[in-house]
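Remarks on the structure that follows.
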Amino acid sequence: MHGITIPLARLLVGLLFLCPMLGHAQERPPLALPPPQMEGGMPLMQALKARRSSREFSPEPLPVQMLSNLLWAAFGINRPESGGRTAPAAHNWQEIDIYVATTAGLFVFDAKTHALQPLLSQDIRALTGTQGYVPQAPVQLVYVADVARMGQATSEADKHFYAPADTGFISQNVYLYCASEGLATVVREAIDKPVLAATMQLRPEQQIMLAQSVGDPRR
Ligand SMILES: Cc1cc2nc3c(=O)[nH]c(=O)nc-3n(C[C@H](O)[C@H](O)[C@H](O)COP(=O)(O)O)c2cc1C
């Protein structure tokens, strides 16, 4: 189940490097998301009952309000006075960034401004996983740990424990939001991480943890 490769992915990344100037979107201004809707949704126990991994997606894009709600649920700010987030984080380092790949390109979620910062204008969804169903989903979340944000005194072993744990809480928030809204989702480790990190132009201190596909279930 986890090992279907996409040969096209390597071809795509090669093309990205052949045309580096085509890819940059950093000069584009941040895309403000509509304020997240914090009311409604399914009762928690029903969402837990409905939570599951699904690997069949409609290619229809998610409405922007839904994307806003999804990202807030994932790791948005729920206590503006302290900057507290919807998921716990070891030492409150908040070292996990959520990158968002859609047909419109690659963005990074800025929780403080609740906005998407454009990074690349190419559709890199196919590179976020090695399984055949991955590119069908309209939204791919890529969870990236910025080790530079974790305390200097912390041992490498502890960092290797904390960052995946922190990622898991965010992923489960996404699972529960998707269950509540009837969306399909699956968290994924089957990623060609070196290729994806190069495509995303990550710094050496940034480590890809997991990815998660989100979309409407195929009807
Ligand atoms: C850390 C982690 C990595 C996973 N990686 C993949 C993956 O690469 N591809 C995939 O299709 N599913 C992946 N899954 C989803 C599991 O296969 C799924 O959670 C499991 O089969 C149980 O199904 P359920 O989520 O519907 O309960 C992963 C789950 C976890 C927690």
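Letters A, B, ... go to the chains of the structure tokens in the order shown; residues in each chain start at 1; ligands are counted from 1 in the same order.
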Review point. Do you know which residues are within 9 Å of ligand 1 using only C-alpha atoms and all ligand atoms? Can you write them as a PyMOL selection string?
Key: chain A and resi 1-3+51-55+129-131+133-134+164+168+171+175+185-191+209-212
Review point. When DSSP works through the backbone of this structure, what residues of segment 36-172 of chain A end up as strand (DSSP E or B), shown as a VMD selection string?
Key: chain A and resid 57 77 to 79 84 to 85 96 to 102 105 to 110 115 to 120 139 to 146
Review point. Which polymer residues have any atom within 8 Å of an atom of Gln94 of chain A, counting only C-alpha atoms, with same-chain residues fewer than 4 positions away left out, as a VMD selection string?
Key: chain A and resid 89 to 90 149
Writer output for current selection, all heavy atoms, as a compact mmCIF listing (two decimals), in the first residue's frame:
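Wrote again.txt, looks like this:
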# COMPACT_ATOMS: atom_id res chain seq x y z
N ALA A 89 2.87 21.70 21.79
CA ALA A 89 4.21 21.66 21.19
C ALA A 89 5.23 21.57 22.31
O ALA A 89 5.15 22.33 23.29
CB ALA A 89 4.47 22.91 20.35
N ALA A 90 6.18 20.67 22.18
CA ALA A 90 7.19 20.47 23.22
C ALA A 90 7.89 21.80 23.51
O ALA A 90 8.33 22.50 22.58
CB ALA A 90 8.21 19.43 22.77
N ARG A 149 14.59 26.09 15.59
CA ARG A 149 13.70 26.70 16.59
C ARG A 149 13.68 25.91 17.90
O ARG A 149 13.03 26.31 18.85
CB ARG A 149 12.28 26.77 16.04
CG ARG A 149 11.92 28.15 15.53
CD ARG A 149 10.47 28.16 15.07
NE ARG A 149 10.41 28.22 13.64
CZ ARG A 149 9.38 27.79 12.91
NH1 ARG A 149 8.34 27.24 13.48
NH2 ARG A 149 9.41 27.91 11.61
Point to revise | Spatial neighbours of Met42 of chain A, 9 Å, only C-alpha atoms, chain gap at least 6 places, as a PyMOL selection string | key: chain A and resi 177+179-181
Would you mind exporting N, CA, C and O atoms of the selected residues as a PDB file, in the first residue's frame?
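Below is the file that was written, out07.pdb:
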ATOM      1  N   TYR A 177     -10.902  17.413  12.142  1.00  0.00           N
ATOM      2  CA  TYR A 177     -11.609  18.419  11.350  1.00  0.00           C
ATOM      3  C   TYR A 177     -12.229  17.756  10.118  1.00  0.00           C
ATOM      4  O   TYR A 177     -13.383  18.007   9.778  1.00  0.00           O
ATOM      5  N   ALA A 179     -13.033  14.635   9.651  1.00  0.00           N
ATOM      6  CA  ALA A 179     -14.159  13.772  10.036  1.00  0.00           C
ATOM      7  C   ALA A 179     -15.399  14.619  10.267  1.00  0.00           C
ATOM      8  O   ALA A 179     -16.504  14.283   9.814  1.00  0.00           O
ATOM      9  N   SER A 180     -15.217  15.748  10.927  1.00  0.00           N
ATOM     10  CA  SER A 180     -16.342  16.623  11.250  1.00  0.00           C
ATOM     11  C   SER A 180     -16.991  17.192   9.996  1.00  0.00           C
ATOM     12  O   SER A 180     -18.198  17.400   9.945  1.00  0.00           O
ATOM     13  N   GLU A 181     -16.188  17.459   8.966  1.00  0.00           N
ATOM     14  CA  GLU A 181     -16.688  18.111   7.745  1.00  0.00           C
ATOM     15  C   GLU A 181     -16.955  17.131   6.614  1.00  0.00           C
ATOM     16  O   GLU A 181     -17.248  17.556   5.492  1.00  0.00           O
TER      17      GLU A 181
END
Practice item. Could you pull out the residues in segment 7-219 of chain A that DSSP calls alpha helix (DSSP H) from the backbone, as a PyMOL selection string? Key: chain A and resi 7-18+20-23+44-50+64-75+156-181+193-199
**Study point:** Test item: residues at most 12 Å from Gln37 of chain A, only C-alpha atoms, excluding those fewer than 3 positions along its chain, as an MDAnalysis selection string
**Key:** chainID A and resid 33:34 40:41 64:73 76 78 177
Would you kindly return, as a PDB file with C-alpha atoms, in the first residue's frame, each protein, DNA or RNA residue with an atom no farther than 10 Å from any atom of Arg28 of chain A, considering only C-alpha atoms and excluding same-chain residues fewer than 5 positions away?
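Result file follows (around03.pdb):
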ATOM      1  CA  GLN A 117       2.839  32.915   2.174  1.00  0.00           C
ATOM      2  CA  PRO A 118       3.425  31.960  -1.499  1.00  0.00           C
ATOM      3  CA  LEU A 119       6.708  30.111  -2.093  1.00  0.00           C
ATOM      4  CA  LEU A 120       6.496  28.410  -5.493  1.00  0.00           C
ATOM      5  CA  SER A 121       4.043  28.822  -8.315  1.00  0.00           C
TER       6      SER A 121
END
Exercise for review: Kindly give the distance, in Å, that separates atom CA of Lys159 of chain A and atom CA of Leu127 of chain A, rounded to a single decimal.
Suggested key: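 Spanning atom CA of Lys159 of chain A to atom CA of Leu127 of chain A is a straight-line distance of 25.9 Å.
In this comparison, which uses only C-alpha atoms, the residue of A:Leu141, A:Ala163, A:Arg218, A:Thr86 approaching Val108 of chain A most closely is A:Leu141.
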Exercise for review: For Gly83 of chain A, list every protein, DNA or RNA residue within 12 Å, evaluated using only C-alpha atoms, and leave out those in the same chain fewer than 2 positions away; present the list as a list in words.
Suggested key: Phe75, Gly76, Ile77, Asn78, Arg79, Pro80, Glu81, Arg85, Thr86, Ala87, Pro88, Ala89, Asn92, Trp93, Gln94, Ala111, Lys112 and Thr113 of chain A
Store the residues picked out above, limited to N, CA and C atoms, as a compact mmCIF listing (two decimals), in the first residue's frame.
# COMPACT_ATOMS: atom_id res chain seq x y z
N PHE A 75 -3.24 23.87 13.36
CA PHE A 75 -2.20 24.46 14.22
C PHE A 75 -2.33 25.98 14.23
N GLY A 76 -3.60 26.43 14.30
CA GLY A 76 -3.83 27.87 14.36
C GLY A 76 -3.68 28.38 15.78
N ILE A 77 -3.81 29.69 15.91
CA ILE A 77 -3.71 30.34 17.22
C ILE A 77 -5.10 30.36 17.86
N ASN A 78 -5.22 29.70 19.01
CA ASN A 78 -6.53 29.68 19.70
C ASN A 78 -6.52 30.54 20.97
N ARG A 79 -5.34 31.08 21.34
CA ARG A 79 -5.24 31.98 22.50
C ARG A 79 -4.37 33.16 22.08
N PRO A 80 -4.99 34.16 21.44
CA PRO A 80 -4.19 35.26 20.88
C PRO A 80 -3.35 35.97 21.93
N GLU A 81 -3.82 35.99 23.18
CA GLU A 81 -3.08 36.72 24.22
C GLU A 81 -1.71 36.08 24.48
N ARG A 85 -1.54 27.62 20.58
CA ARG A 85 -1.99 26.98 19.34
C ARG A 85 -2.98 25.86 19.63
N THR A 86 -3.65 25.39 18.59
CA THR A 86 -4.65 24.32 18.75
C THR A 86 -4.02 22.96 19.01
N ALA A 87 -2.72 22.82 18.82
CA ALA A 87 -2.02 21.57 19.14
C ALA A 87 -0.89 21.87 20.11
N PRO A 88 -0.61 20.95 21.02
CA PRO A 88 0.51 21.18 21.94
C PRO A 88 1.84 21.08 21.20
N ALA A 89 2.87 21.70 21.79
CA ALA A 89 4.21 21.66 21.19
C ALA A 89 5.23 21.57 22.31
N ASN A 92 6.83 24.43 24.00
CA ASN A 92 6.15 25.50 23.24
C ASN A 92 7.07 26.10 22.17
N TRP A 93 7.95 25.27 21.59
CA TRP A 93 8.85 25.76 20.54
C TRP A 93 8.08 26.07 19.25
N GLN A 94 6.95 25.37 19.06
CA GLN A 94 6.14 25.58 17.84
C GLN A 94 7.02 25.46 16.59
N ALA A 111 0.59 31.20 11.00
CA ALA A 111 -0.51 31.19 11.97
C ALA A 111 -0.74 32.57 12.57
N LYS A 112 0.34 33.35 12.75
CA LYS A 112 0.21 34.66 13.41
C LYS A 112 -0.70 35.59 12.63
N THR A 113 -0.58 35.57 11.30
CA THR A 113 -1.40 36.44 10.47
C THR A 113 -2.55 35.67 9.82
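Of the listed residues (A:Ala153, A:Asp123, A:Gln136, A:Glu95), A:Glu95 comes nearest to Glu205 of chain A; the distances count only C-alpha atoms.
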